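Shown next: data-v2.tsv, given as TSV, C-alpha atoms and all ligand atoms.
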chain	number	residue	atom	x	y	z
A	2	ASN	CA	26.80	17.33	-2.99
A	3	ASN	CA	26.61	13.58	-2.41
A	4	ASN	CA	23.61	14.02	-0.16
A	5	ARG	CA	21.62	15.20	-3.16
A	6	LYS	CA	22.43	12.24	-5.39
A	7	GLN	CA	19.53	10.38	-6.96
A	8	LEU	CA	19.10	7.11	-5.12
A	9	GLY	CA	18.97	3.94	-7.21
A	10	ILE	CA	15.87	1.78	-6.80
A	11	ALA	CA	15.66	-1.91	-7.66
A	12	LEU	CA	12.12	-3.20	-8.25
A	13	VAL	CA	11.57	-6.75	-7.00
A	14	GLY	CA	8.80	-8.49	-8.95
A	15	LEU	CA	7.97	-7.16	-12.40
A	16	GLY	CA	4.21	-7.68	-12.39
A	17	GLY	CA	1.33	-5.34	-13.11
A	18	TYR	CA	2.09	-2.68	-10.53
A	19	SER	CA	5.81	-2.46	-11.27
A	20	THR	CA	5.22	-2.43	-15.02
A	21	ASN	CA	2.30	-0.03	-15.28
A	22	GLN	CA	2.81	2.34	-12.35
A	23	LEU	CA	6.16	2.22	-10.59
A	24	ALA	CA	8.56	1.99	-13.53
A	25	PRO	CA	6.79	4.79	-15.43
A	26	ALA	CA	6.74	6.88	-12.23
A	27	LEU	CA	10.47	6.34	-11.82
A	28	GLN	CA	10.99	8.12	-15.16
A	29	GLU	CA	9.66	11.28	-13.53
A	30	THR	CA	11.14	11.13	-10.04
A	31	GLU	CA	13.89	13.54	-9.02
A	32	ASN	CA	15.30	11.95	-5.89
A	33	CYS	CA	15.46	8.38	-7.18
A	34	TYR	CA	15.57	6.44	-10.43
A	35	LEU	CA	15.10	2.90	-11.69
A	36	ALA	CA	18.57	1.39	-11.34
A	37	GLY	CA	17.89	-2.35	-11.22
A	38	ILE	CA	15.40	-5.20	-11.44
A	39	VAL	CA	14.87	-8.47	-9.62
A	40	THR	CA	12.76	-11.00	-11.49
A	41	GLY	CA	12.09	-14.74	-11.66
A	42	THR	CA	11.05	-14.51	-15.30
A	43	PRO	CA	14.07	-14.35	-17.65
A	44	SER	CA	11.88	-13.45	-20.64
A	45	LYS	CA	11.06	-10.08	-19.04
A	46	ILE	CA	14.69	-9.01	-18.74
A	47	ASP	CA	15.49	-7.83	-22.27
A	48	ASP	CA	12.48	-5.54	-22.54
A	49	TRP	CA	13.14	-3.94	-19.19
A	50	LYS	CA	16.85	-3.49	-19.91
A	51	LYS	CA	16.16	-1.80	-23.22
A	52	LYS	CA	13.26	0.28	-22.10
A	53	TYR	CA	14.93	1.59	-18.96
A	54	ASP	CA	18.60	1.40	-19.85
A	55	ILE	CA	19.43	-1.06	-17.08
A	56	PRO	CA	22.93	-2.59	-17.19
A	57	ASP	CA	23.39	-6.36	-16.88
A	58	LYS	CA	25.13	-6.01	-13.54
A	59	ASN	CA	21.94	-4.55	-12.04
A	60	VAL	CA	19.71	-7.47	-13.04
A	61	TYR	CA	19.02	-10.10	-10.37
A	62	ASN	CA	16.86	-13.15	-9.86
A	63	TYR	CA	15.43	-14.49	-6.59
A	64	GLU	CA	18.40	-16.83	-6.06
A	65	ASN	CA	21.25	-14.35	-6.50
A	66	PHE	CA	19.31	-11.42	-5.03
A	67	ASP	CA	21.49	-11.26	-1.87
A	68	GLU	CA	24.48	-10.24	-4.01
A	69	ILE	CA	22.76	-6.87	-4.32
A	70	ALA	CA	24.64	-6.10	-1.08
A	71	ASN	CA	27.75	-5.53	-3.22
A	72	ASN	CA	26.07	-3.20	-5.71
A	73	ASP	CA	26.55	0.50	-5.00
A	74	ASP	CA	24.10	1.48	-7.72
A	75	ILE	CA	21.25	0.15	-5.60
A	76	ASP	CA	20.29	2.20	-2.54
A	77	ILE	CA	16.66	1.13	-2.20
A	78	VAL	CA	14.96	-2.23	-2.75
A	79	TYR	CA	11.25	-1.90	-3.58
A	80	VAL	CA	9.36	-5.17	-2.90
A	81	VAL	CA	6.39	-5.54	-5.27
A	82	LEU	CA	5.74	-9.27	-4.86
A	83	PRO	CA	2.62	-11.22	-3.80
A	84	ASN	CA	1.85	-10.31	-0.18
A	85	ALA	CA	3.15	-13.46	1.51
A	86	LEU	CA	6.58	-12.97	-0.09
A	87	HIS	CA	7.07	-9.44	1.24
A	88	ALA	CA	8.59	-10.60	4.53
A	89	GLU	CA	11.35	-12.75	3.03
A	90	TYR	CA	12.49	-10.12	0.52
A	91	VAL	CA	12.29	-7.17	2.91
A	92	ILE	CA	14.42	-9.10	5.40
A	93	ARG	CA	16.94	-10.14	2.74
A	94	ALA	CA	17.12	-6.54	1.48
A	95	ALA	CA	17.72	-5.28	5.02
A	96	LYS	CA	20.52	-7.80	5.50
A	97	ALA	CA	22.02	-6.49	2.24
A	98	LYS	CA	21.99	-3.06	3.97
A	99	LYS	CA	19.56	-1.51	1.54
A	100	HIS	CA	16.70	0.78	2.46
A	101	VAL	CA	13.37	-0.84	1.69
A	102	ILE	CA	10.00	0.16	0.34
A	103	CYS	CA	7.45	-2.62	0.74
A	104	GLU	CA	4.09	-2.75	-1.01
A	105	LYS	CA	0.83	-2.96	0.90
A	106	PRO	CA	-0.26	-4.98	2.78
A	107	MET	CA	3.09	-5.08	4.57
A	108	ALA	CA	2.76	-8.82	5.27
A	109	THR	CA	0.15	-11.50	5.79
A	110	ASN	CA	0.41	-11.66	9.57
A	111	VAL	CA	1.58	-9.55	12.50
A	112	GLU	CA	4.55	-11.78	13.32
A	113	ASP	CA	6.09	-11.30	9.87
A	114	ALA	CA	5.55	-7.54	10.02
A	115	LYS	CA	7.43	-7.42	13.33
A	116	ARG	CA	10.28	-9.51	11.94
A	117	MET	CA	10.55	-7.16	8.96
A	118	LEU	CA	10.69	-4.09	11.17
A	119	ASP	CA	13.27	-5.73	13.45
A	120	ALA	CA	15.47	-6.72	10.50
A	121	CYS	CA	15.46	-3.15	9.19
A	122	ASN	CA	16.23	-1.70	12.62
A	123	GLU	CA	19.02	-4.21	13.28
A	124	ASN	CA	20.64	-3.44	9.94
A	125	GLY	CA	20.29	0.32	10.24
A	126	VAL	CA	18.10	0.74	7.16
A	127	GLN	CA	14.79	2.53	6.71
A	128	LEU	CA	11.54	0.74	5.90
A	129	ALA	CA	8.59	2.47	4.24
A	130	ILE	CA	5.28	1.11	2.94
A	131	GLY	CA	3.94	1.89	-0.55
A	132	TYR	CA	1.00	3.88	0.84
A	133	ARG	CA	0.73	6.21	-2.17
A	134	LEU	CA	-2.40	8.08	-1.01
A	135	HIS	CA	-0.46	9.97	1.66
A	136	PHE	CA	1.24	11.85	-1.17
A	137	GLU	CA	-1.87	12.94	-3.04
A	138	PRO	CA	-3.94	16.13	-2.51
A	139	TYR	CA	-7.47	14.71	-2.05
A	140	ASN	CA	-6.48	12.27	0.68
A	141	LYS	CA	-4.13	14.82	2.25
A	142	ARG	CA	-7.08	17.21	2.46
A	143	VAL	CA	-9.15	14.50	4.16
A	144	MET	CA	-6.39	14.12	6.79
A	145	GLU	CA	-6.50	17.87	7.35
A	146	LEU	CA	-10.31	18.11	7.47
A	147	GLY	CA	-10.54	15.28	9.97
A	148	GLN	CA	-7.47	15.72	12.12
A	149	GLN	CA	-7.59	19.54	12.32
A	150	GLN	CA	-11.35	19.46	12.83
A	151	VAL	CA	-11.96	21.98	10.06
A	152	PHE	CA	-15.72	21.27	10.30
A	153	GLY	CA	-15.61	20.41	14.00
A	154	LYS	CA	-15.24	16.93	15.42
A	155	VAL	CA	-15.78	13.97	13.15
A	156	LYS	CA	-19.01	12.14	14.05
A	157	SER	CA	-18.97	9.22	11.61
A	158	ILE	CA	-16.99	7.88	8.67
A	159	THR	CA	-17.87	5.76	5.65
A	160	ALA	CA	-15.01	4.13	3.77
A	161	ASN	CA	-15.64	1.52	1.08
A	162	ASN	CA	-13.22	0.07	-1.44
A	163	SER	CA	-14.30	-2.69	-3.80
A	164	SER	CA	-13.38	-3.80	-7.26
A	165	ASP	CA	-15.08	-6.46	-9.36
A	166	MET	CA	-12.21	-8.74	-10.25
A	167	THR	CA	-14.54	-11.48	-11.45
A	168	SER	CA	-15.21	-9.48	-14.60
A	169	LYS	CA	-11.48	-9.24	-15.33
A	170	LYS	CA	-8.81	-11.90	-15.47
A	171	PRO	CA	-7.73	-12.05	-11.83
A	172	ASN	CA	-4.10	-12.61	-10.76
A	173	LEU	CA	-4.38	-16.12	-9.37
A	174	TRP	CA	-2.24	-15.39	-6.33
A	175	ARG	CA	-4.85	-12.90	-5.12
A	176	LEU	CA	-7.33	-15.79	-4.79
A	177	ASP	CA	-4.82	-17.98	-2.95
A	178	LYS	CA	-4.81	-17.51	0.83
A	179	GLU	CA	-1.24	-18.80	1.14
A	180	LEU	CA	0.10	-16.02	-1.10
A	181	ALA	CA	-2.40	-13.23	-0.49
A	182	GLY	CA	-3.06	-13.71	3.22
A	183	GLY	CA	-6.75	-13.03	2.63
A	184	GLY	CA	-9.12	-11.63	0.04
A	185	SER	CA	-10.64	-8.22	-0.61
A	186	LEU	CA	-9.71	-6.89	2.84
A	187	MET	CA	-5.97	-7.45	2.36
A	188	ASP	CA	-5.95	-5.98	-1.13
A	189	LEU	CA	-8.63	-3.26	-1.16
A	190	GLY	CA	-10.11	-2.95	2.31
A	191	ILE	CA	-6.73	-1.91	3.65
A	192	TYR	CA	-7.24	1.45	1.92
A	193	ALA	CA	-10.57	1.95	3.66
A	194	VAL	CA	-8.98	1.07	7.02
A	195	GLN	CA	-6.20	3.55	6.30
A	196	GLY	CA	-8.75	6.16	5.19
A	197	ALA	CA	-10.70	5.92	8.45
A	198	VAL	CA	-7.53	6.00	10.55
A	199	TYR	CA	-6.06	9.05	8.81
A	200	THR	CA	-9.41	10.84	8.92
A	201	MET	CA	-9.27	10.45	12.72
A	202	GLY	CA	-5.52	10.66	13.14
A	203	GLU	CA	-5.67	7.85	15.69
A	204	LYS	CA	-5.92	4.08	15.95
A	205	PRO	CA	-9.28	2.38	16.51
A	206	VAL	CA	-9.91	0.91	19.97
A	207	ALA	CA	-12.17	-1.91	18.76
A	208	VAL	CA	-13.38	-3.58	15.58
A	209	ALA	CA	-16.37	-5.71	14.58
A	210	ALA	CA	-16.66	-7.48	11.24
A	211	LYS	CA	-18.72	-9.93	9.19
A	212	TYR	CA	-18.03	-11.77	5.98
A	213	GLY	CA	-20.40	-11.09	3.10
A	214	GLU	CA	-22.26	-13.72	1.14
A	215	VAL	CA	-20.25	-15.73	-1.38
A	216	THR	CA	-22.06	-15.28	-4.69
A	217	LYS	CA	-19.10	-16.30	-6.89
A	218	PRO	CA	-17.83	-19.54	-5.33
A	219	THR	CA	-15.76	-20.47	-8.39
A	220	PHE	CA	-13.45	-17.58	-7.50
A	221	PHE	CA	-13.83	-17.33	-3.75
A	222	HIS	CA	-13.39	-20.71	-2.08
A	223	ASP	CA	-10.09	-19.83	-0.40
A	224	VAL	CA	-10.18	-16.08	0.33
A	225	GLU	CA	-13.18	-13.92	1.24
A	226	GLN	CA	-15.20	-12.39	-1.57
A	227	SER	CA	-16.33	-9.54	0.66
A	228	ILE	CA	-16.26	-8.37	4.23
A	229	ASN	CA	-17.80	-5.47	6.09
A	230	TRP	CA	-16.56	-4.00	9.32
A	231	GLU	CA	-16.80	-1.19	11.77
A	232	LEU	CA	-13.87	0.55	13.45
A	233	GLU	CA	-14.62	2.15	16.79
A	234	PHE	CA	-12.51	5.11	17.92
A	235	GLU	CA	-11.77	6.44	21.38
A	236	ASP	CA	-14.74	8.77	21.84
A	237	GLY	CA	-17.23	6.40	20.23
A	238	VAL	CA	-16.87	7.62	16.64
A	239	LYS	CA	-17.48	4.78	14.21
A	240	ALA	CA	-16.20	4.13	10.73
A	241	LYS	CA	-18.31	1.76	8.63
A	242	SER	CA	-16.62	-0.05	5.77
A	243	ASN	CA	-17.07	-2.67	3.13
A	244	SER	CA	-14.69	-4.22	0.65
A	245	SER	CA	-15.55	-6.71	-2.02
A	246	TYR	CA	-13.91	-8.41	-4.96
A	247	ALA	CA	-17.26	-8.65	-6.75
A	248	GLU	CA	-18.64	-5.09	-6.83
A	249	GLU	CA	-17.46	-1.54	-7.42
A	250	GLN	CA	-17.15	0.92	-4.52
A	251	ASN	CA	-14.64	3.68	-3.96
A	252	GLU	CA	-15.33	6.30	-1.34
A	253	LEU	CA	-14.06	7.98	1.77
A	254	SER	CA	-16.52	10.28	3.47
A	255	ALA	CA	-17.27	11.72	6.87
A	256	GLU	CA	-19.87	13.67	8.80
A	257	ALA	CA	-18.50	16.24	11.23
A	258	GLU	CA	-20.23	18.58	13.69
A	259	ASN	CA	-20.44	21.47	11.22
A	260	GLY	CA	-20.06	19.92	7.82
A	261	TRP	CA	-19.24	16.87	5.75
A	262	TRP	CA	-17.01	15.63	2.93
A	263	ASN	CA	-17.04	12.87	0.40
A	264	VAL	CA	-14.16	11.81	-1.84
A	265	SER	CA	-15.19	9.37	-4.56
A	266	PRO	CA	-13.28	7.85	-6.17
A	267	ALA	CA	-10.84	8.19	-3.30
A	268	TYR	CA	-8.36	5.36	-3.82
A	269	ALA	CA	-8.08	5.04	-7.60
A	270	TYR	CA	-4.86	6.08	-9.33
A	271	GLU	CA	-6.71	8.63	-11.42
A	272	GLY	CA	-9.88	10.67	-11.56
A	273	LYS	CA	-10.26	11.46	-7.88
A	274	LYS	CA	-13.18	13.74	-7.10
A	275	GLY	CA	-14.41	15.24	-3.90
A	276	GLU	CA	-17.00	17.50	-2.36
A	277	THR	CA	-17.44	19.10	1.02
A	278	SER	CA	-20.43	20.85	2.58
A	279	GLU	CA	-18.77	24.04	1.28
A	280	GLY	CA	-18.42	22.95	-2.32
A	281	GLU	CA	-16.33	21.02	-4.77
A	282	MET	CA	-12.81	19.95	-3.86
A	283	ASP	CA	-10.67	21.20	-6.67
A	284	TYR	CA	-7.23	19.62	-6.67
A	285	PRO	CA	-5.09	18.34	-9.48
A	286	ASN	CA	-4.90	14.60	-10.08
A	287	ILE	CA	-1.21	13.88	-9.87
A	288	PHE	CA	1.05	10.89	-10.57
A	289	GLU	CA	1.09	10.01	-6.89
A	290	GLN	CA	3.73	7.26	-7.08
A	291	VAL	CA	6.20	9.93	-8.26
A	292	ASN	CA	5.55	11.99	-5.14
A	293	GLN	CA	5.55	8.88	-2.96
A	294	MET	CA	8.94	7.60	-4.10
A	295	ASP	CA	10.50	11.08	-4.20
A	296	SER	CA	9.39	11.69	-0.63
A	297	GLN	CA	10.55	8.28	0.56
A	298	ALA	CA	13.95	8.65	-1.15
A	299	GLU	CA	14.36	12.10	0.41
A	300	SER	CA	13.61	10.65	3.87
A	301	PHE	CA	16.10	7.83	3.35
A	302	ARG	CA	18.77	10.25	2.15
A	303	ASN	CA	18.31	12.21	5.37
A	304	SER	CA	18.26	9.05	7.53
A	305	GLU	CA	14.71	9.90	8.55
A	306	LYS	CA	11.60	7.79	8.79
A	307	SER	CA	9.17	8.09	5.90
A	308	ILE	CA	5.75	9.53	6.79
A	309	VAL	CA	4.48	6.01	5.98
A	310	PRO	CA	7.02	3.94	7.91
A	311	GLY	CA	7.14	0.21	8.60
A	312	GLU	CA	5.55	0.94	11.98
A	313	MET	CA	2.44	2.13	10.16
A	314	GLY	CA	2.40	-1.08	8.15
A	315	LEU	CA	2.59	-3.08	11.38
A	316	ARG	CA	-0.19	-1.01	12.96
A	317	ASP	CA	-2.40	-1.75	9.97
A	318	MET	CA	-1.56	-5.47	9.99
A	319	LYS	CA	-2.82	-5.58	13.59
A	320	ILE	CA	-6.07	-3.88	12.57
A	321	LEU	CA	-6.57	-6.19	9.55
A	322	MET	CA	-5.95	-9.28	11.68
A	323	ALA	CA	-8.40	-8.02	14.32
A	324	ILE	CA	-11.01	-7.58	11.58
A	325	TYR	CA	-10.50	-11.20	10.47
A	326	GLU	CA	-10.58	-12.36	14.09
A	327	SER	CA	-13.94	-10.67	14.57
A	328	ALA	CA	-15.37	-11.98	11.27
A	329	ASN	CA	-14.18	-15.50	12.13
A	330	ALA	CA	-15.98	-15.19	15.46
A	331	GLY	CA	-19.18	-14.18	13.68
A	332	GLY	CA	-18.94	-10.44	14.33
A	333	GLU	CA	-17.80	-10.37	17.93
A	334	ARG	CA	-16.32	-7.02	19.04
A	335	VAL	CA	-12.53	-7.38	19.19
A	336	VAL	CA	-10.52	-4.90	21.29
A	401	LIG	P1	1.22	-9.23	-10.15
A	401	LIG	O1	0.67	-10.59	-10.04
A	401	LIG	O2	0.88	-8.42	-11.34
A	401	LIG	O3	2.83	-9.29	-10.08
A	401	LIG	C1	3.50	-9.97	-9.08
A	401	LIG	C2	4.90	-10.33	-9.58
A	401	LIG	O4	5.60	-10.95	-8.52
A	401	LIG	C3	4.93	-11.34	-10.71
A	401	LIG	O5	4.79	-10.74	-11.99
A	401	LIG	C4	6.29	-11.98	-10.54
A	401	LIG	O6	7.27	-11.12	-11.10
A	401	LIG	C5	6.51	-11.93	-9.04
A	401	LIG	N1	6.30	-13.22	-8.37
A	401	LIG	C6	7.24	-13.91	-7.70
A	401	LIG	N2	6.76	-15.02	-7.18
A	401	LIG	C7	5.47	-15.10	-7.54
A	401	LIG	C8	4.45	-16.05	-7.31
A	401	LIG	N3	4.65	-17.15	-6.57
A	401	LIG	N4	3.24	-15.81	-7.84
A	401	LIG	C9	3.00	-14.69	-8.57
A	401	LIG	N5	3.93	-13.75	-8.81
A	401	LIG	C10	5.16	-13.95	-8.30
A	401	LIG	O7	0.84	-8.45	-8.82
A	401	LIG	P2	0.76	-6.87	-8.59
A	401	LIG	O8	1.87	-6.19	-9.27
A	401	LIG	O9	-0.61	-6.41	-8.86
A	401	LIG	O10	0.95	-6.79	-6.99
A	401	LIG	C11	2.20	-6.94	-6.37
A	401	LIG	C12	2.17	-6.27	-4.99
A	401	LIG	O11	1.93	-4.89	-5.16
A	401	LIG	C13	1.08	-6.78	-4.05
A	401	LIG	O12	1.56	-6.81	-2.73
A	401	LIG	C14	-0.02	-5.76	-4.18
A	401	LIG	O13	-0.82	-5.65	-3.02
A	401	LIG	C15	0.79	-4.50	-4.41
A	401	LIG	N6	0.04	-3.49	-5.20
A	401	LIG	C16	-0.06	-2.23	-4.72
A	401	LIG	C17	-0.75	-1.27	-5.40
A	401	LIG	C18	-0.82	0.11	-4.89
A	401	LIG	O14	-1.60	0.89	-5.41
A	401	LIG	N7	-0.03	0.48	-3.89
A	401	LIG	C19	-1.43	-1.59	-6.67
A	401	LIG	C20	-1.22	-2.94	-7.13
A	401	LIG	C21	-0.52	-3.86	-6.39
A	401	LIG	P3	8.54	-11.71	-11.91
A	401	LIG	O15	7.95	-12.48	-13.05
A	401	LIG	O16	9.28	-10.50	-12.31
A	401	LIG	O17	9.29	-12.58	-10.95

Could I get this file's structure written as structure tokens?
Ligand code: NDP
Amino acid sequence: NNNRKQLGIALVGLGGYSTNQLAPALQETENCYLAGIVTGTPSKIDDWKKKYDIPDKNVYNYENFDEIANNDDIDIVYVVLPNALHAEYVIRAAKAKKHVICEKPMATNVEDAKRMLDACNENGVQLAIGYRLHFEPYNKRVMELGQQQVFGKVKSITANNSSDMTSKKPNLWRLDKELAGGGSLMDLGIYAVQGAVYTMGEKPVAVAAKYGEVTKPTFFHDVEQSINWELEFEDGVKAKSNSSYAEEQNELSAEAENGWWNVSPAYAYEGKKGETSEGEMDYPNIFEQVNQMDSQAESFRNSEKSIVPGEMGLRDMKILMAIYESANAGGERVV
């Protein structure tokens, strides 16, 4: 049955995430497999070809990438480039009539995100975002606890995601506003925004934000080192968040009318742990990118939207940009 065939994925950008997470995950997926690569670094090609048995005809660079339109082995293009390059490659993939998975954050501004969505719609292809946590039991349980009001209505949320990149060797593009679109918020804070929104199951109605102090100016003269913000939901519920490139934080927790929960770490690839007012959360830690790509490939095969569609990426871009707008205005509430 052709409808059951494994879809071929081409990874665009063979950096850390493609190398260490996505390619290994694609060795375990059932609905899709690693069929091709797109890279600007010729020295990477041989290793990838050998390791993953990729034929020459499925290897592209950024110049000849559009020829992928003529390659039936490739059903899905997965864009894993620096944030500011997502828009160009998603749009080129859509024009090549390939379904697209785009890494988070979808883009670096709302306008680009809209153009990406339009291009996919106009070309009749699906667009999904690499929001892996929607395919993982701890975060799925948080969605259920919050949205189904298992402990009554949610009263407040705390969601923090920070990672000290100054103690590691940072990817330089992450410190470059042109390529990254922003600092810790774009890279890490986006998970905390997502966490608050899927705890509530609705969009915030207002945001307020402030930049943190810059204690490491050698790293952070272009993008923010840290930022803290509050999302306000319809009935006054507030989610408080922080994200920083110079400390360690990793939690998603909430207080509800009749109980509470706390997942920490919540956003890491491995070692998630959680507790509720009724006891320990006991779920397996899974290879979530396997589930993510299998689910997205299955949606594409059925011509259905992924549960993390481009529209969700656009929604989140609007929230991230509102957070920056507020922080730039010194903390003013932005509706
Ligand atoms: P890396 O810096 O490790 O890799 C980026 C790759 O993009 C490079 O290796 C290079 O690949 C290619 N590239 C093309 N143009 C440029 C350029 N001008 N500057 C730098 N690299 C360029 O980044 P990551 O893999 O960590 O991140 C890539 C994307 O994935 C980001 O959008 C990030 O937010 C997202 N991500 C998502 C994660 C998740 O958990 N969902 C985790 C980590 C990242 P080549 O040499 O092959 O051309």

- If I put a ball of radius 10 Å at (14.1, 2.2, -11.9) in the file's coordinates, which residues poke into it when counting only C-alpha atoms, written as an MDAnalysis selection string? chainID A and resid 8:12 19 23:28 30 33:38 49 53:55 75 79

- Item | Ala94 in chain A surroundings by all atoms listed in the file, 12 Å radius, close-in-sequence under 6 positions cut, as a PyMOL selection string | chain A and resi 10-13+39+63+65-72+75-80+87-88+100-103+117-118+120-121+124-128

Keeping only C-alpha atoms, take the residues you just selected and write them out as a PDB file, in the coordinates of the input.
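Result went into again_18.pdb, see below:
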ATOM      1  CA  ILE A  10      15.870   1.780  -6.800  1.00  0.00           C
ATOM      2  CA  ALA A  11      15.660  -1.910  -7.660  1.00  0.00           C
ATOM      3  CA  LEU A  12      12.120  -3.200  -8.250  1.00  0.00           C
ATOM      4  CA  VAL A  13      11.570  -6.750  -7.000  1.00  0.00           C
ATOM      5  CA  VAL A  39      14.870  -8.470  -9.620  1.00  0.00           C
ATOM      6  CA  TYR A  63      15.430 -14.490  -6.590  1.00  0.00           C
ATOM      7  CA  ASN A  65      21.250 -14.350  -6.500  1.00  0.00           C
ATOM      8  CA  PHE A  66      19.310 -11.420  -5.030  1.00  0.00           C
ATOM      9  CA  ASP A  67      21.490 -11.260  -1.870  1.00  0.00           C
ATOM     10  CA  GLU A  68      24.480 -10.240  -4.010  1.00  0.00           C
ATOM     11  CA  ILE A  69      22.760  -6.870  -4.320  1.00  0.00           C
ATOM     12  CA  ALA A  70      24.640  -6.100  -1.080  1.00  0.00           C
ATOM     13  CA  ASN A  71      27.750  -5.530  -3.220  1.00  0.00           C
ATOM     14  CA  ASN A  72      26.070  -3.200  -5.710  1.00  0.00           C
ATOM     15  CA  ILE A  75      21.250   0.150  -5.600  1.00  0.00           C
ATOM     16  CA  ASP A  76      20.290   2.200  -2.540  1.00  0.00           C
ATOM     17  CA  ILE A  77      16.660   1.130  -2.200  1.00  0.00           C
ATOM     18  CA  VAL A  78      14.960  -2.230  -2.750  1.00  0.00           C
ATOM     19  CA  TYR A  79      11.250  -1.900  -3.580  1.00  0.00           C
ATOM     20  CA  VAL A  80       9.360  -5.170  -2.900  1.00  0.00           C
ATOM     21  CA  HIS A  87       7.070  -9.440   1.240  1.00  0.00           C
ATOM     22  CA  ALA A  88       8.590 -10.600   4.530  1.00  0.00           C
ATOM     23  CA  HIS A 100      16.700   0.780   2.460  1.00  0.00           C
ATOM     24  CA  VAL A 101      13.370  -0.840   1.690  1.00  0.00           C
ATOM     25  CA  ILE A 102      10.000   0.160   0.340  1.00  0.00           C
ATOM     26  CA  CYS A 103       7.450  -2.620   0.740  1.00  0.00           C
ATOM     27  CA  MET A 117      10.550  -7.160   8.960  1.00  0.00           C
ATOM     28  CA  LEU A 118      10.690  -4.090  11.170  1.00  0.00           C
ATOM     29  CA  ALA A 120      15.470  -6.720  10.500  1.00  0.00           C
ATOM     30  CA  CYS A 121      15.460  -3.150   9.190  1.00  0.00           C
ATOM     31  CA  ASN A 124      20.640  -3.440   9.940  1.00  0.00           C
ATOM     32  CA  GLY A 125      20.290   0.320  10.240  1.00  0.00           C
ATOM     33  CA  VAL A 126      18.100   0.740   7.160  1.00  0.00           C
ATOM     34  CA  GLN A 127      14.790   2.530   6.710  1.00  0.00           C
ATOM     35  CA  LEU A 128      11.540   0.740   5.900  1.00  0.00           C
TER      36      LEU A 128
END

- Message: At a cut-off of 9 Å, using only C-alpha atoms, what residues contact Ala197 in chain A? Leave out same-chain residues fewer than 6 positions from it and give the result as a list in words.
- Response: Ile158, Thr159, Ala160, Pro205, Leu232, Lys239, Ala240, Lys241, Ser242, Leu253, Ser254 and Ala255 of chain A

- Item | Environment of ligand LIG 401 (chain A) within 9 Å, counting all atoms listed in the file, reported as a PyMOL selection string | chain A and resi 12-22+38-46+62-63+80-87+103-108+130-134+171-175+180-181+187-189+268-270+290

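Using all atoms listed in the file, the shortest contact distance between Glu249 in chain A and any of A:Gly213, A:Pro310, A:Pro266, A:Gly237 is found at A:Pro266.
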
- Query: If we count only C-alpha atoms, what is near His222 in chain A at a cut-off of 12 Å, once residues fewer than 2 positions away on the same chain are taken out, given as a ChimeraX atom specification?
  - Reply: /A:175-178,183-184,214-220,224-227

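As for CA of Glu312 in chain A and CA of Ala129 in chain A, they are spaced 8.5 Å apart.
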
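Residue nearest Asp236 in chain A within the list A:Ile92, A:Met166, A:Met282, A:Met201: A:Met201 [criterion: smallest interatomic distance, all atoms listed in the file].
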
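Distance check against Lys141 in chain A using all atoms listed in the file: of A:Lys6, A:Met318, A:Gly275, A:Ser327, the minimum falls on A:Gly275.
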
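Candidate residues A:Glu248, A:Glu326, A:Glu203, A:Asp48 were compared for distance to Phe234 in chain A, and the nearest is A:Glu203, using all atoms listed in the file.
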
- Which distance in Å separates CA of Ala323 in chain A and CA of Val335 in chain A, to one decimal? 6.4 Å

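For the choices A:Glu252, A:Glu271, A:Gln297, A:Val208, the atom-to-atom distance to Ala328 in chain A is smallest for A:Val208 when using all atoms listed in the file.
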
- Of the residues A:Asn251, A:Asn329, A:Thr109, A:Asn263, which is the one nearest to Ser157 in chain A, using all atoms listed in the file?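 Looking at the shortest contact to Ser157 in chain A, the residue is A:Asn263.
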
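Look at Glu281 in chain A: the protein and nucleic acid residues within 12 Å of it, using only C-alpha atoms and passing over chain neighbours fewer than 2 places away, are Tyr139, Trp261, Trp262, Asn263, Val264, Ser265, Lys273, Lys274, Gly275, Glu276, Thr277, Ser278, Glu279, Asp283 and Tyr284 of chain A.
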